[in-house]
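Data block below; observations after.
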Amino acid sequence: MRKLPPLRALQVFETAARQQHFSKAADELCITQSAVSHQVRVLEEYFGEQLFDRQGRKLQLTPKGQGLFIELERIFNELSDLNLKVKDTPNKQLCLAVYSSFAVKWLIPRLADFRRQYPSVKIRLEMITQDPDLSTSTADIFIAGKLNQRGYWQQLLHKERLITVCSPSFYPKWREINLNNFQQQALLVVDEGPLGLDWHKWSSAHQIPLNNEQQHVFSHIVMAIEAAIAGQGLALAPDFMVAGDIATGRLVAVNLPDVHTGFEFTFFCKQRRLSEPAIAAFSSWLKSQA
């Protein structure tokens, strides 16, 4: 008879180690944080080893804990794969965590093509406003900023380049807007929270002061783009997000310098899941679109 550690405690420990947070582990497992702490203590007492270093709210694995986590993550991943194989039910429903701006202005207009090519694969979109924790408890696949996390495969989709756009109706002589007169126009400014105001970053990048009397502030790039379409001023927008609006004449690109932000929209999935038919199909389709 095999002598095994407490299996429930192993599951709880693996989740806490992966999330690096007891409360997030509790949410994933639908138990209380105190229950997580209890199961971790059970495992530590069983092995006679400390598995976590607890420094206030900071949680770090000890060398023994790290070694145990690496093996448990592999084992639980293999069990998950085995479960699908025995049931003969490959996962054809994927949850995609994606930035709302990327989803609204780039992905959603193209999804009909994906559904036409792969009608059996269902995609559920989960909107995010900041880079998420790369975890299967969050989503199956992700489109976020460039992150480096062990065990995840990544594919660059777009490097962010901001260009100036406005509605053709905003300024009849929009072709004549340049560095000498753009400060007479209203600016549609996006407040990116800790990252600051987009037009201020543009100003710093080109050493050009902003003396525009009218500056209308928005909390989201999609709102600024829609305001530009409505003829309310000049907006900065990622070139690939407004390519469709420019092609249909809803927006025009103004002859002002662009700015490369350094942000990279990137597709992520678990390395071990890349060969799953649904994920492989979506990844291949994304590559063809980007």
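Going by the structure tokens order, chains are called A, B, ..., each with residues numbered from 1, while ligands are numbered from 1 in the order shown.
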
As JSON, numbers by chain, which residues of segment 32-192 of chain A does DSSP assign to strand (DSSP E)?
-> {"A": [52, 53, 54, 55, 58, 59, 60, 61, 93, 94, 95, 96, 97, 98, 99, 122, 123, 124, 125, 126, 127, 128, 141, 142, 143, 144, 152, 153, 154, 155, 156, 157, 158, 159, 160, 161, 162, 163, 164, 165, 166, 187, 188, 189, 190]}

Once you have the residues from the selection above, write them out as a CSV table (one decimal), in the first residue's frame, restricted to C-alpha atoms.
```
chain,number,residue,atom,x,y,z
A,52,PHE,CA,6.5,29.0,3.2
A,53,ASP,CA,8.4,32.0,4.6
A,54,ARG,CA,5.8,34.4,6.0
A,55,GLN,CA,6.9,38.0,6.3
A,58,LYS,CA,4.6,38.7,1.8
A,59,LEU,CA,4.6,35.0,1.0
A,60,GLN,CA,7.6,33.2,-0.3
A,61,LEU,CA,8.4,29.5,-0.8
A,93,GLN,CA,-14.6,26.3,-24.6
A,94,LEU,CA,-11.9,28.8,-23.8
A,95,CYS,CA,-11.9,31.7,-21.5
A,96,LEU,CA,-9.8,34.6,-22.8
A,97,ALA,CA,-8.7,37.4,-20.5
A,98,VAL,CA,-8.1,40.4,-22.7
A,99,TYR,CA,-7.7,44.2,-22.4
A,122,LYS,CA,-16.3,28.7,-28.1
A,123,ILE,CA,-14.5,31.8,-26.8
A,124,ARG,CA,-15.7,33.6,-23.6
A,125,LEU,CA,-14.2,37.0,-23.2
A,126,GLU,CA,-13.2,38.3,-19.7
A,127,MET,CA,-12.3,42.0,-19.8
A,128,ILE,CA,-9.3,43.2,-17.8
A,141,ILE,CA,-5.6,32.1,-22.5
A,142,PHE,CA,-4.6,35.7,-22.2
A,143,ILE,CA,-3.9,38.9,-24.2
A,144,ALA,CA,-2.0,41.3,-22.0
A,152,TYR,CA,3.8,30.1,-20.2
A,153,TRP,CA,4.3,30.4,-24.0
A,154,GLN,CA,3.9,33.8,-25.5
A,155,GLN,CA,3.4,35.3,-28.9
A,156,LEU,CA,3.8,39.0,-29.7
A,157,LEU,CA,0.8,40.5,-31.4
A,158,HIS,CA,1.4,44.3,-31.6
A,159,LYS,CA,3.8,46.8,-30.3
A,160,GLU,CA,1.9,49.9,-29.3
A,161,ARG,CA,2.5,53.0,-31.4
A,162,LEU,CA,0.3,56.0,-30.8
A,163,ILE,CA,-0.8,58.2,-33.6
A,164,THR,CA,-2.9,61.4,-33.6
A,165,VAL,CA,-6.4,61.0,-35.1
A,166,CYS,CA,-9.6,63.1,-35.4
A,187,LEU,CA,-7.0,67.5,-27.0
A,188,LEU,CA,-8.8,64.3,-25.9
A,189,VAL,CA,-6.6,63.1,-23.1
A,190,VAL,CA,-6.5,59.6,-21.6
```

For atom CA of Phe182 of chain A and atom CA of Glu213 of chain A, determine how far apart the two atoms are, in Å to one decimal place.
->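 These atoms are spaced 11.3 Å apart.
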
Looking only at alpha helix (DSSP H) from DSSP on the backbone, list the matching residues of segment 102-219 of chain A as a ChimeraX atom specification.
-> /A:102,108-117,198-206

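Ranking A:Asp113, A:Gln184, A:Glu49, A:Leu43 by their shortest atom-to-atom distance to Gln214 of chain A, with only C-alpha atoms included, puts A:Gln184 first.
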
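With distances restricted to only C-alpha atoms, A:Asn255 is the closest residue to Leu179 of chain A from A:Asn255, A:Ser34, A:Gln130, A:Asn212.
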
Could you give me, as a ChimeraX atom specification, the residues within 8 Å of Ile225 of chain A, counting only C-alpha atoms and dropping anything in the same chain fewer than 2 positions from it?
-> /A:221-223,227-229,235-237

Go ahead and dump the residues you just picked, C-alpha atoms, as a PDB file, in the first residue's frame.
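Saved file part.pdb follows:
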```pdb
ATOM      1  CA  ILE A 221      -8.779  54.975 -24.573  1.00  0.00           C
ATOM      2  CA  VAL A 222     -12.002  53.659 -26.148  1.00  0.00           C
ATOM      3  CA  MET A 223     -13.912  56.692 -24.846  1.00  0.00           C
ATOM      4  CA  ALA A 227     -15.034  61.249 -28.747  1.00  0.00           C
ATOM      5  CA  ALA A 228     -12.649  61.775 -31.659  1.00  0.00           C
ATOM      6  CA  ILE A 229     -15.092  60.019 -34.009  1.00  0.00           C
ATOM      7  CA  ALA A 235      -6.892  61.806 -29.742  1.00  0.00           C
ATOM      8  CA  LEU A 236      -3.841  59.595 -29.455  1.00  0.00           C
ATOM      9  CA  ALA A 237      -4.643  55.996 -30.342  1.00  0.00           C
TER      10      ALA A 237
END
```

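Considering the residues A:Pro168, A:Pro63, A:Lys3, A:Cys30 and counting only C-alpha atoms, Leu251 of chain A has its shortest atom-to-atom contact with A:Pro168.
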
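With only C-alpha atoms as the atoms that count, the minimum distance from Lys105 of chain A to the choices A:Met241, A:Ala205, A:Val12, A:Leu82 is reached by A:Met241.
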
Asp81 of chain A: which residues within 10 Å, counting only C-alpha atoms, same-chain residues fewer than 5 positions away excluded, as number ranges by chain?
-> A: 75-76, 86, 90, 272-273, 276

What does the file look like for those residues with C-alpha atoms, as a PDB file, in the first residue's frame?
```pdb
ATOM      1  CA  ILE A  75       1.541  16.090 -11.262  1.00  0.00           C
ATOM      2  CA  PHE A  76      -1.705  18.097 -11.072  1.00  0.00           C
ATOM      3  CA  VAL A  86     -10.227   9.452 -20.109  1.00  0.00           C
ATOM      4  CA  PRO A  90     -11.175  17.903 -25.227  1.00  0.00           C
ATOM      5  CA  ARG A 272       1.742  22.375 -21.884  1.00  0.00           C
ATOM      6  CA  ARG A 273      -1.667  23.365 -23.315  1.00  0.00           C
ATOM      7  CA  GLU A 276      -4.719  21.408 -27.315  1.00  0.00           C
TER       8      GLU A 276
END
```

For Asp133 of chain A, the nearest of the candidates A:His206, A:Arg74, A:Arg18, A:Tyr46, counting only C-alpha atoms =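 Residue with the minimum atom-to-atom distance to Asp133 of chain A: A:Arg18.
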
Expressed in Å, the length from atom CA of Pro109 of chain A to atom CA of Glu264 of chain A is 20.3 Å

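Proximity ranking of A:Thr62, A:Gln183, A:Ser219, A:Asn77 relative to Thr129 of chain A places A:Ser219 first, based on only C-alpha atoms.
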
Contacts of Pro119 of chain A at 12 Å (only C-alpha atoms; same-chain gap of 4+ positions) as a ChimeraX atom specification | /A:92-93,111-115,123,278,281-282
